[in-house]
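Student: Handing over target.csv, CSV, C-alpha atoms (C1' of nucleotides).
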chain,number,residue,atom,x,y,z
A,1,MET,CA,48.1,34.9,40.2
A,2,ALA,CA,47.8,32.1,37.6
A,3,ARG,CA,45.1,29.7,38.2
A,4,ILE,CA,46.4,26.2,38.3
A,5,SER,CA,43.9,25.1,35.7
A,6,ASP,CA,45.3,27.6,33.3
A,7,VAL,CA,48.8,26.5,34.0
A,8,ILE,CA,47.9,22.9,33.3
A,9,GLU,CA,46.1,23.9,30.1
A,10,ASP,CA,49.1,25.7,28.8
A,11,PHE,CA,51.4,22.9,29.7
A,12,LEU,CA,49.2,20.4,27.9
A,13,LYS,CA,49.0,22.6,24.8
A,14,ALA,CA,52.7,23.0,24.7
A,15,LEU,CA,53.1,19.2,24.9
A,16,LEU,CA,50.6,18.8,22.2
A,17,THR,CA,52.5,21.1,20.0
A,18,GLU,CA,55.7,19.2,20.5
A,19,SER,CA,54.1,15.9,19.9
A,20,GLU,CA,52.2,16.8,16.8
A,21,GLY,CA,48.7,16.8,18.2
A,22,GLU,CA,48.6,13.6,20.1
A,23,LEU,CA,49.5,13.0,23.7
A,24,GLU,CA,49.1,10.3,26.3
A,25,LEU,CA,49.4,10.9,30.0
A,26,GLN,CA,48.9,9.5,33.4
A,27,ARG,CA,46.3,11.4,35.4
A,28,ASN,CA,48.0,10.9,38.7
A,29,ASP,CA,51.5,11.8,37.5
A,30,LEU,CA,50.3,15.0,36.1
A,31,ALA,CA,48.4,15.8,39.3
A,32,SER,CA,51.3,15.1,41.5
A,33,TYR,CA,53.6,17.1,39.1
A,34,PHE,CA,51.3,20.1,39.7
A,35,GLU,CA,50.6,19.2,43.2
A,36,CYS,CA,46.9,19.2,42.7
A,37,ALA,CA,44.0,16.8,43.1
A,38,PRO,CA,43.7,14.2,40.4
A,39,SER,CA,40.2,15.3,39.6
A,40,GLN,CA,41.6,18.7,38.8
A,41,ILE,CA,42.9,17.2,35.6
A,42,ASN,CA,39.4,16.1,34.7
A,43,TYR,CA,38.2,19.6,35.3
A,44,VAL,CA,40.8,21.0,33.0
A,45,LEU,CA,40.0,18.5,30.3
A,46,ALA,CA,36.3,19.1,30.8
A,47,THR,CA,36.5,22.9,30.5
A,48,ARG,CA,39.3,23.4,28.1
A,49,PHE,CA,39.7,20.4,25.9
A,50,THR,CA,36.2,19.7,24.8
A,51,LEU,CA,35.0,19.1,21.3
A,52,ASN,CA,34.1,22.7,21.0
A,53,HIS,CA,37.6,23.5,21.7
A,54,GLY,CA,38.8,21.1,19.1
A,55,TYR,CA,40.1,18.2,21.2
A,56,TYR,CA,39.2,14.6,21.5
A,57,ILE,CA,39.7,12.7,24.8
A,58,GLU,CA,40.0,9.0,25.2
A,59,SER,CA,41.0,7.1,28.4
A,60,ARG,CA,41.3,3.8,30.0
A,61,ARG,CA,41.1,2.9,33.7
A,62,GLY,CA,42.8,0.3,35.7
A,63,GLY,CA,46.5,-0.7,35.8
A,64,GLY,CA,48.4,0.9,33.0
A,65,GLY,CA,45.5,3.3,32.4
A,66,PHE,CA,46.0,6.6,30.6
A,67,ILE,CA,44.3,9.6,29.2
A,68,ARG,CA,44.9,10.4,25.5
A,69,ILE,CA,44.3,13.9,24.1
A,70,THR,CA,44.1,14.4,20.4
A,71,ARG,CA,44.0,17.8,18.9
A,72,LEU,CA,41.5,17.7,16.0
A,73,ASP,CA,42.4,19.0,12.6
A,74,VAL,CA,39.9,21.9,13.0
A,75,GLU,CA,41.3,24.6,10.8
A,76,LYS,CA,40.4,22.8,7.6
A,77,ASP,CA,37.4,21.1,8.9
A,78,ASP,CA,35.6,23.8,10.7
A,79,TYR,CA,32.4,22.7,9.0
A,80,MET,CA,32.7,19.4,10.8
A,81,LEU,CA,33.2,21.2,14.0
A,82,TYR,CA,30.2,23.3,13.4
A,83,LEU,CA,28.2,20.2,12.8
A,84,LEU,CA,29.4,18.6,16.0
A,85,THR,CA,28.9,21.6,18.2
A,86,GLU,CA,25.8,23.2,16.7
A,87,GLY,CA,24.5,21.7,13.5
A,88,ILE,CA,23.5,18.3,14.8
A,89,GLY,CA,22.1,19.2,18.2
A,90,LYS,CA,20.5,16.9,20.6
A,91,GLU,CA,18.1,15.2,18.2
A,92,LEU,CA,18.3,14.5,14.5
A,93,ASN,CA,15.9,12.7,12.2
A,94,GLU,CA,17.0,10.4,9.5
A,95,GLN,CA,16.4,12.8,6.7
A,96,ASN,CA,18.4,15.6,8.2
A,97,ALA,CA,21.2,13.2,9.1
A,98,LYS,CA,21.4,12.0,5.5
A,99,GLN,CA,21.5,15.5,4.2
A,100,HIS,CA,24.4,16.3,6.4
A,101,ILE,CA,26.2,13.2,5.3
A,102,GLN,CA,25.5,14.0,1.7
A,103,CYS,CA,26.9,17.4,2.1
A,104,LEU,CA,30.0,16.1,3.8
A,105,VAL,CA,30.6,13.7,0.9
A,106,GLU,CA,30.0,16.3,-1.7
A,107,GLN,CA,32.4,18.7,-0.1
A,108,GLU,CA,34.9,15.8,0.2
A,109,PHE,CA,35.3,16.2,3.9
A,110,VAL,CA,34.7,12.5,4.2
A,111,THR,CA,35.1,9.8,1.6
A,112,LYS,CA,32.3,8.1,-0.1
A,113,ARG,CA,33.0,5.0,1.9
A,114,ASP,CA,32.9,6.9,5.1
A,115,GLY,CA,29.6,8.3,4.0
A,116,GLN,CA,28.2,4.9,3.4
A,117,LEU,CA,29.3,3.7,6.8
A,118,MET,CA,27.7,6.7,8.4
A,119,ARG,CA,24.4,6.3,6.5
A,120,ALA,CA,24.4,2.7,7.6
A,121,ALA,CA,25.0,3.7,11.2
A,122,ILE,CA,22.2,6.2,11.4
A,123,SER,CA,19.6,4.5,9.3
A,124,ASN,CA,16.2,4.2,10.8
A,125,LYS,CA,16.4,0.5,10.3
A,126,THR,CA,19.3,0.2,12.6
A,127,ILE,CA,17.5,1.6,15.5
A,128,PRO,CA,14.9,-0.9,16.8
A,129,ILE,CA,12.0,1.2,17.8
A,130,PRO,CA,11.3,2.5,21.2
A,131,SER,CA,12.8,0.0,23.6
A,132,SER,CA,15.6,1.7,25.4
A,133,LEU,CA,17.6,-1.5,25.2
A,134,LYS,CA,21.1,-0.2,24.4
A,135,ASP,CA,22.4,-3.6,23.4
A,136,ALA,CA,19.6,-4.2,20.9
A,137,ILE,CA,20.3,-0.8,19.4
A,138,ARG,CA,24.0,-1.5,19.1
A,139,ALA,CA,23.4,-4.9,17.5
A,140,GLY,CA,21.4,-3.3,14.8
A,141,VAL,CA,23.9,-0.6,14.2
A,142,LEU,CA,26.8,-3.0,13.8
A,143,LYS,CA,24.9,-5.3,11.5
A,144,SER,CA,23.9,-2.5,9.3
A,145,MET,CA,27.5,-1.3,9.1
A,146,LEU,CA,28.7,-4.7,8.1
A,147,THR,CA,26.1,-5.1,5.5
A,148,SER,CA,27.2,-1.8,4.1
A,149,ILE,CA,30.8,-2.9,3.9
A,150,LEU,CA,29.8,-6.1,2.2
A,151,ALA,CA,27.9,-4.0,-0.4
A,152,LEU,CA,30.8,-1.7,-0.9
A,153,ASP,CA,33.3,-4.5,-1.4
A,154,GLY,CA,31.0,-6.4,-3.6
A,155,LYS,CA,30.9,-3.5,-6.1
A,156,ASP,CA,34.6,-3.5,-6.4
A,157,LYS,CA,34.5,-6.8,-8.2
B,1,MET,CA,53.4,1.5,32.6
B,2,ALA,CA,53.1,-0.9,29.8
B,3,ARG,CA,50.7,-3.6,30.9
B,4,ILE,CA,52.2,-7.0,31.0
B,5,SER,CA,49.0,-8.4,29.6
B,6,ASP,CA,49.5,-6.3,26.4
B,7,VAL,CA,53.1,-7.4,26.1
B,8,ILE,CA,52.1,-11.1,26.4
B,9,GLU,CA,49.3,-10.5,23.9
B,10,ASP,CA,51.6,-9.0,21.3
B,11,PHE,CA,54.2,-11.8,21.9
B,12,LEU,CA,51.6,-14.5,21.3
B,13,LYS,CA,50.3,-12.8,18.2
B,14,ALA,CA,53.7,-12.5,16.8
B,15,LEU,CA,54.3,-16.2,17.5
B,16,LEU,CA,51.0,-17.0,15.9
B,17,THR,CA,52.0,-15.1,12.8
B,18,GLU,CA,55.3,-17.0,12.5
B,19,SER,CA,53.6,-20.3,13.0
B,20,GLU,CA,50.8,-19.8,10.7
B,21,GLY,CA,48.0,-19.6,13.1
B,22,GLU,CA,48.6,-22.4,15.5
B,23,LEU,CA,50.7,-22.5,18.6
B,24,GLU,CA,51.3,-24.7,21.6
B,25,LEU,CA,52.8,-23.5,24.8
B,26,GLN,CA,53.5,-24.3,28.5
B,27,ARG,CA,51.7,-22.0,30.8
B,28,ASN,CA,54.4,-22.1,33.4
B,29,ASP,CA,57.2,-21.5,31.0
B,30,LEU,CA,55.5,-18.5,29.5
B,31,ALA,CA,54.8,-17.1,33.0
B,32,SER,CA,58.3,-17.5,34.1
B,33,TYR,CA,59.6,-16.0,30.8
B,34,PHE,CA,57.6,-12.9,31.6
B,35,GLU,CA,58.1,-13.2,35.3
B,36,CYS,CA,54.4,-13.1,36.1
B,37,ALA,CA,51.9,-15.3,37.9
B,38,PRO,CA,50.8,-18.3,35.8
B,39,SER,CA,47.2,-17.2,36.1
B,40,GLN,CA,48.1,-14.1,34.3
B,41,ILE,CA,48.3,-16.2,31.2
B,42,ASN,CA,44.8,-17.3,31.7
B,43,TYR,CA,43.8,-13.7,32.1
B,44,VAL,CA,45.4,-12.7,28.8
B,45,LEU,CA,43.7,-15.6,27.0
B,46,ALA,CA,40.4,-14.8,28.6
B,47,THR,CA,40.4,-11.2,27.7
B,48,ARG,CA,42.2,-11.2,24.3
B,49,PHE,CA,42.0,-14.6,22.7
B,50,THR,CA,38.3,-15.5,22.9
B,51,LEU,CA,36.2,-16.9,20.2
B,52,ASN,CA,34.8,-13.4,19.5
B,53,HIS,CA,38.4,-12.3,19.0
B,54,GLY,CA,38.8,-15.1,16.5
B,55,TYR,CA,40.9,-17.5,18.5
B,56,TYR,CA,40.3,-21.0,19.8
B,57,ILE,CA,41.9,-22.3,22.9
B,58,GLU,CA,42.5,-26.0,23.9
B,59,SER,CA,44.5,-27.2,26.8
B,60,ARG,CA,45.4,-30.3,28.8
B,61,ARG,CA,46.4,-30.6,32.4
B,62,GLY,CA,48.8,-33.0,34.0
B,63,GLY,CA,52.3,-34.1,33.0
B,64,GLY,CA,53.0,-32.9,29.5
B,65,GLY,CA,50.1,-30.5,29.6
B,66,PHE,CA,49.9,-27.6,27.2
B,67,ILE,CA,47.8,-24.7,25.9
B,68,ARG,CA,47.1,-24.6,22.2
B,69,ILE,CA,46.0,-21.4,20.6
B,70,THR,CA,44.5,-21.5,17.1
B,71,ARG,CA,43.7,-18.4,15.1
B,72,LEU,CA,40.5,-19.1,13.2
B,73,ASP,CA,41.1,-18.2,9.6
B,74,VAL,CA,38.0,-18.0,7.6
B,75,GLU,CA,36.8,-16.6,4.3
B,76,LYS,CA,35.7,-13.0,4.6
B,77,ASP,CA,32.3,-13.4,3.2
B,78,ASP,CA,31.6,-16.5,5.2
B,79,TYR,CA,32.7,-14.8,8.4
B,80,MET,CA,30.8,-11.6,7.7
B,81,LEU,CA,27.7,-13.6,7.0
B,82,TYR,CA,28.2,-15.6,10.1
B,83,LEU,CA,28.4,-12.4,12.1
B,84,LEU,CA,25.3,-11.1,10.5
B,85,THR,CA,23.2,-14.2,10.9
B,86,GLU,CA,24.4,-15.6,14.2
B,87,GLY,CA,27.4,-14.0,15.7
B,88,ILE,CA,25.9,-10.7,16.6
B,89,GLY,CA,22.4,-11.8,17.6
B,90,LYS,CA,19.6,-9.6,18.8
B,91,GLU,CA,21.7,-7.8,21.5
B,92,LEU,CA,25.3,-7.1,21.8
B,93,ASN,CA,27.2,-5.3,24.5
B,94,GLU,CA,29.9,-2.9,23.9
B,95,GLN,CA,32.7,-5.3,24.9
B,96,ASN,CA,31.6,-8.0,22.5
B,97,ALA,CA,31.1,-5.6,19.7
B,98,LYS,CA,34.6,-4.3,20.1
B,99,GLN,CA,35.9,-7.8,20.1
B,100,HIS,CA,34.2,-8.5,16.8
B,101,ILE,CA,35.5,-5.3,15.3
B,102,GLN,CA,39.0,-6.0,16.5
B,103,CYS,CA,38.8,-9.4,14.9
B,104,LEU,CA,37.6,-8.0,11.6
B,105,VAL,CA,40.5,-5.5,11.6
B,106,GLU,CA,43.1,-8.1,12.4
B,107,GLN,CA,41.9,-10.4,9.6
B,108,GLU,CA,42.0,-7.4,7.4
B,109,PHE,CA,38.4,-7.8,6.4
B,110,VAL,CA,37.9,-4.2,7.1
B,111,THR,CA,40.4,-1.4,7.2
B,112,LYS,CA,41.6,0.2,10.4
B,113,ARG,CA,39.6,3.3,9.4
B,114,ASP,CA,36.5,1.3,9.1
B,115,GLY,CA,37.2,-0.3,12.4
B,116,GLN,CA,37.5,3.2,13.9
B,117,LEU,CA,34.2,4.2,12.4
B,118,MET,CA,32.5,1.2,13.7
B,119,ARG,CA,33.9,1.5,17.2
B,120,ALA,CA,32.7,5.1,17.1
B,121,ALA,CA,29.2,4.0,16.0
B,122,ILE,CA,28.7,1.4,18.7
B,123,SER,CA,30.4,3.1,21.6
B,124,ASN,CA,28.5,3.2,24.8
B,125,LYS,CA,29.0,6.9,24.8
B,126,THR,CA,27.0,7.3,21.6
B,127,ILE,CA,23.9,5.8,23.0
B,128,PRO,CA,22.2,8.1,25.4
B,129,ILE,CA,20.7,5.6,27.7
B,130,PRO,CA,17.2,6.2,29.0
B,131,SER,CA,15.4,8.1,26.5
B,132,SER,CA,14.0,5.8,23.9
B,133,LEU,CA,14.1,8.7,21.5
B,134,LYS,CA,15.4,7.4,18.3
B,135,ASP,CA,16.5,10.8,17.1
B,136,ALA,CA,18.6,11.4,20.2
B,137,ILE,CA,20.3,8.1,19.7
B,138,ARG,CA,21.0,8.9,16.1
B,139,ALA,CA,22.5,12.3,16.9
B,140,GLY,CA,24.9,10.7,19.3
B,141,VAL,CA,25.9,8.1,16.8
B,142,LEU,CA,26.6,10.5,14.1
B,143,LYS,CA,28.5,12.9,16.3
B,144,SER,CA,30.7,10.1,17.5
B,145,MET,CA,31.5,9.0,13.9
B,146,LEU,CA,32.4,12.5,12.9
B,147,THR,CA,34.7,12.9,15.9
B,148,SER,CA,36.4,9.7,14.9
B,149,ILE,CA,37.0,10.9,11.4
B,150,LEU,CA,38.4,14.1,12.7
B,151,ALA,CA,40.7,12.3,15.0
B,152,LEU,CA,41.9,10.0,12.2
B,153,ASP,CA,42.5,12.8,9.8
B,154,GLY,CA,44.4,14.7,12.5
B,155,LYS,CA,46.7,11.9,13.1
B,156,ASP,CA,47.8,11.7,9.5
B,157,LYS,CA,49.6,14.9,9.8
C,1,DT,C1',45.2,-50.2,41.4
C,2,DA,C1',46.6,-46.5,44.5
C,3,DT,C1',49.5,-42.7,44.9
C,4,DC,C1',52.1,-38.9,43.6
C,5,DC,C1',53.5,-35.2,40.9
C,6,DA,C1',53.2,-32.1,37.2
C,7,DA,C1',50.6,-29.5,34.8
C,8,DG,C1',46.6,-26.3,33.9
C,9,DG,C1',42.0,-23.9,35.9
C,10,DT,C1',39.3,-20.9,39.1
C,11,DC,C1',38.2,-17.3,41.8
C,12,DA,C1',38.3,-13.8,45.0
C,13,DA,C1',41.1,-10.2,46.9
C,14,DA,C1',44.3,-6.6,46.3
C,15,DG,C1',46.1,-3.0,43.5
C,16,DA,C1',46.2,0.6,40.0
C,17,DA,C1',44.3,3.6,37.4
C,18,DA,C1',40.6,6.9,35.9
C,19,DG,C1',35.5,9.0,36.5
C,20,DT,C1',31.8,11.4,39.1
C,21,DC,C1',29.8,14.5,42.0
C,22,DA,C1',28.7,17.4,45.5
C,23,DA,C1',30.7,20.6,48.9
C,24,DT,C1',33.5,24.3,49.4
C,25,DA,C1',36.4,28.3,48.2
C,26,DG,C1',37.6,32.6,45.5
C,27,DC,C1',36.6,36.3,43.1
C,28,DA,C1',34.3,39.8,40.5
C,29,DA,C1',30.3,42.3,39.3
C,30,DA,C1',26.0,44.4,40.6
D,1,DT,C1',27.0,42.5,50.5
D,2,DT,C1',24.9,39.5,47.8
D,3,DT,C1',25.0,36.8,43.9
D,4,DG,C1',26.8,33.9,40.7
D,5,DC,C1',30.3,32.0,38.1
D,6,DT,C1',34.8,29.5,38.0
D,7,DA,C1',38.1,26.6,40.6
D,8,DT,C1',39.6,23.3,43.9
D,9,DT,C1',39.2,19.4,46.7
D,10,DG,C1',38.2,14.9,48.4
D,11,DA,C1',35.1,11.0,49.2
D,12,DC,C1',33.3,7.5,46.7
D,13,DT,C1',32.7,4.6,42.3
D,14,DT,C1',33.9,2.0,38.3
D,15,DT,C1',37.0,-0.5,35.4
D,16,DC,C1',40.9,-3.2,34.4
D,17,DT,C1',45.1,-5.8,36.0
D,18,DT,C1',47.8,-8.7,38.9
D,19,DT,C1',48.5,-12.1,42.3
D,20,DG,C1',48.1,-16.1,45.1
D,21,DA,C1',45.7,-19.8,47.4
D,22,DC,C1',43.4,-23.7,46.4
D,23,DC,C1',41.2,-27.1,42.9
D,24,DT,C1',41.2,-30.5,39.1
D,25,DT,C1',43.1,-33.5,35.7
D,26,DG,C1',46.0,-36.8,33.7
D,27,DG,C1',50.0,-39.5,33.3
D,28,DA,C1',53.7,-42.1,35.7
D,29,DT,C1',55.1,-45.3,38.9
D,30,DA,C1',55.2,-48.3,42.8
Could you spell out this file's structure in structure tokens?
Tutor:
Amino acid sequence: MARISDVIEDFLKALLTESEGELELQRNDLASYFECAPSQINYVLATRFTLNHGYYIESRRGGGGFIRITRLDVEKDDYMLYLLTEGIGKELNEQNAKQHIQCLVEQEFVTKRDGQLMRAAISNKTIPIPSSLKDAIRAGVLKSMLTSILALDGKDK
Amino acid sequence: MARISDVIEDFLKALLTESEGELELQRNDLASYFECAPSQINYVLATRFTLNHGYYIESRRGGGGFIRITRLDVEKDDYMLYLLTEGIGKELNEQNAKQHIQCLVEQEFVTKRDGQLMRAAISNKTIPIPSSLKDAIRAGVLKSMLTSILALDGKDK
DNA sequence: TATCCAAGGTCAAAGAAAGTCAATAGCAAA
DNA sequence: TTTGCTATTGACTTTCTTTGACCTTGGATA
């Protein structure tokens, strides 16, 4: 009395094993293969392939669209997963964020360079105060990251 | 599956590499080579060879008409500085940001990994729209960056 | 100069995916 | 039997691509 969601889940996991953790598929193909509604695929992904489960989903719409599932390297990095699913939470001030990053660098879960990039991305300076203007926020974030890269590359010389 | 637009994009980039960054073509020839509508060529140019992407397009109509694509090669520091002082500006939507990042990666001014991190940092998904709560924004940004690192490290194996 | 033809340009409509969401269905536990 | 979770479905939306009809430009030629 297997639920179709479970069948699809197993199928995808088998494919992921074969393909070493990364997999691209067509939502409609998969749906018609299992004779289910296309949105069923989204349901399966949303309930069984979330971050908490250790998977990362990307997708693209339109002609030639796809869904990509990446199995995250969780075994080794379960501290990262802890951060993602619990440690960080819905809000995070600059100080705590920096502490997390520092910890990640010290534990060598991320490189120093990655740490720099992340500090740049989350810095208070990058987030222009209250205005909920997404684009303004993003501009600040990217500028800050570029500055950081300039600084890193400068030190090499 | 494979989008014809992507195929044409790759083809043109390969030609550009061979020809040291400058390239002239006939729209109709290219279209019939790929058996697509001529306006498809315009679509490819408009979506993948803009100034933000680091390319410059000139063209002429009429008999003996042509389309010329020039890849803008600049010094790293100049370009980065340009982006920081003018290119990015006070606001930046996701699409433009991704174009800039793509350009940086293609010119090898930043590593692919850095590009990934930056895409993660500026992704629309990372910026929880309405709440102008800085901390919430930051949480999203950091989560996204960590996810990206996990995905990158996973793919190595 | 006027006309014609050979380009390239534009734009809107159609097509091809994937995403969202709310209504409904199934089932198990209380 | 009610309640409450998990599944399933389908209508509607959004995004990206492809196509084709029509427009504009520039050179050649009568």
Student: So that I can see what lies close to DT3 (chain D), please list as a PDB file with C-alpha atoms (C1' of nucleotides), keeping the file's coordinate frame the residues with an atom at most 12 Å from it, counting all atoms listed in the file and leaving out residues fewer than 5 positions away in the same chain.
Tutor:
ATOM      1  C1'  DC C  27      36.600  36.300  43.100  1.00  0.00           C
ATOM      2  C1'  DA C  28      34.300  39.800  40.500  1.00  0.00           C
ATOM      3  C1'  DA C  29      30.300  42.300  39.300  1.00  0.00           C
ATOM      4  C1'  DA C  30      26.000  44.400  40.600  1.00  0.00           C
TER       5       DA C  30
END
Student: Need to verify the contact set: Ala31 (chain B), 9 Å, only C-alpha atoms (C1' of nucleotides), exclusion of same-chain residues closer than 6 positions in sequence. Can you return it as a list in words?
Tutor: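 The filter keeps Ala37, Pro38, Ser39, Gln40 and Ile41 of chain B.
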Student: I need the contact residues of chain B against chain C, so if you could list those with any atom within 9 Å, counting all atoms listed in the file, and return them as a count of residues only, that would help.
Tutor: 14
Student: Could you tell me how far CA of Ala46 (chain A) lies from CA of Ser19 (chain A), in Å and to one decimal?
Tutor: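 Rounded to one decimal, the two atoms are 21.1 Å apart.
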Student: Would you mind listing, as a list in words, all residues of chain D that have at least one atom within 7 Å of chain B, where all atoms listed in the file are what counts?
Tutor: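 The complete set of qualifying residues is DT19, DT25, DG26 and DG27 of chain D.
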Student: Which of these, A:Thr70, A:Thr17, A:Asn96, A:Ser32, has the shortest distance to chain B once you count all atoms listed in the file?
Tutor: A:Thr70
Student: Using all atoms listed in the file, which of the listed residues (B:Leu84, B:Leu12, B:Val74, B:Leu51) sits closest to chain A?
Tutor: B:Leu84
Student: Find, counting only C-alpha atoms, the residue in A:Glu108, A:Glu20, A:Phe34, A:Ala14 that gets nearest to chain B.
Tutor: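 Of A:Glu108, A:Glu20, A:Phe34, A:Ala14, the one nearest chain B, counting only C-alpha atoms, is A:Glu20.
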Student: What gap, in Å, lies between CA of Asp29 (chain B) and C1' of DC22 (chain D)?
Tutor: 20.8 Å
Student: Enter the distance from CA of Gly54 (chain A) to CA of Leu23 (chain A), in Å, rounded to one decimal.
Tutor: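 Answer for the CA of Gly54 (chain A) to CA of Leu23 (chain A) separation: 14.2 Å.
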Student: Let me make sure I understand: among B:Glu75, B:Gln99, B:Ala2, B:Arg68, which one has the smallest atom-to-atom distance to chain A if we use only C-alpha atoms?
Tutor: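 Comparing B:Glu75, B:Gln99, B:Ala2, B:Arg68 against chain A, the winner is B:Ala2.
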Student: Closest to chain B among A:Ile57, A:Ala120, A:Leu72, A:Leu81, using only C-alpha atoms?
Tutor: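 Nearest to chain B: A:Leu72.
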Student: Please identify all polymer residues lying at most 12 Å from the point (37.9, -14.9, 5.6) (file coordinates), using only C-alpha atoms (C1' of nucleotides), and present the result as a PDB file with C-alpha atoms, in the coordinates of the input.
Tutor:
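Output (out.pdb):
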ATOM      1  CA  GLY B  54      38.800 -15.100  16.500  1.00  0.00           C
ATOM      2  CA  ARG B  71      43.700 -18.400  15.100  1.00  0.00           C
ATOM      3  CA  LEU B  72      40.500 -19.100  13.200  1.00  0.00           C
ATOM      4  CA  ASP B  73      41.100 -18.200   9.600  1.00  0.00           C
ATOM      5  CA  VAL B  74      38.000 -18.000   7.600  1.00  0.00           C
ATOM      6  CA  GLU B  75      36.800 -16.600   4.300  1.00  0.00           C
ATOM      7  CA  LYS B  76      35.700 -13.000   4.600  1.00  0.00           C
ATOM      8  CA  ASP B  77      32.300 -13.400   3.200  1.00  0.00           C
ATOM      9  CA  ASP B  78      31.600 -16.500   5.200  1.00  0.00           C
ATOM     10  CA  TYR B  79      32.700 -14.800   8.400  1.00  0.00           C
ATOM     11  CA  MET B  80      30.800 -11.600   7.700  1.00  0.00           C
ATOM     12  CA  LEU B  81      27.700 -13.600   7.000  1.00  0.00           C
ATOM     13  CA  TYR B  82      28.200 -15.600  10.100  1.00  0.00           C
ATOM     14  CA  LEU B  83      28.400 -12.400  12.100  1.00  0.00           C
ATOM     15  CA  CYS B 103      38.800  -9.400  14.900  1.00  0.00           C
ATOM     16  CA  LEU B 104      37.600  -8.000  11.600  1.00  0.00           C
ATOM     17  CA  VAL B 105      40.500  -5.500  11.600  1.00  0.00           C
ATOM     18  CA  GLU B 106      43.100  -8.100  12.400  1.00  0.00           C
ATOM     19  CA  GLN B 107      41.900 -10.400   9.600  1.00  0.00           C
ATOM     20  CA  GLU B 108      42.000  -7.400   7.400  1.00  0.00           C
ATOM     21  CA  PHE B 109      38.400  -7.800   6.400  1.00  0.00           C
ATOM     22  CA  VAL B 110      37.900  -4.200   7.100  1.00  0.00           C
TER      23      VAL B 110
END
Student: Kindly indicate which residue among B:Asp114, B:Glu9, B:Glu35, B:Glu22 lies nearest to chain A, using all atoms listed in the file for the distances.
Tutor: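 Looking only at the distances to chain A, the closest residue turns out to be B:Asp114.
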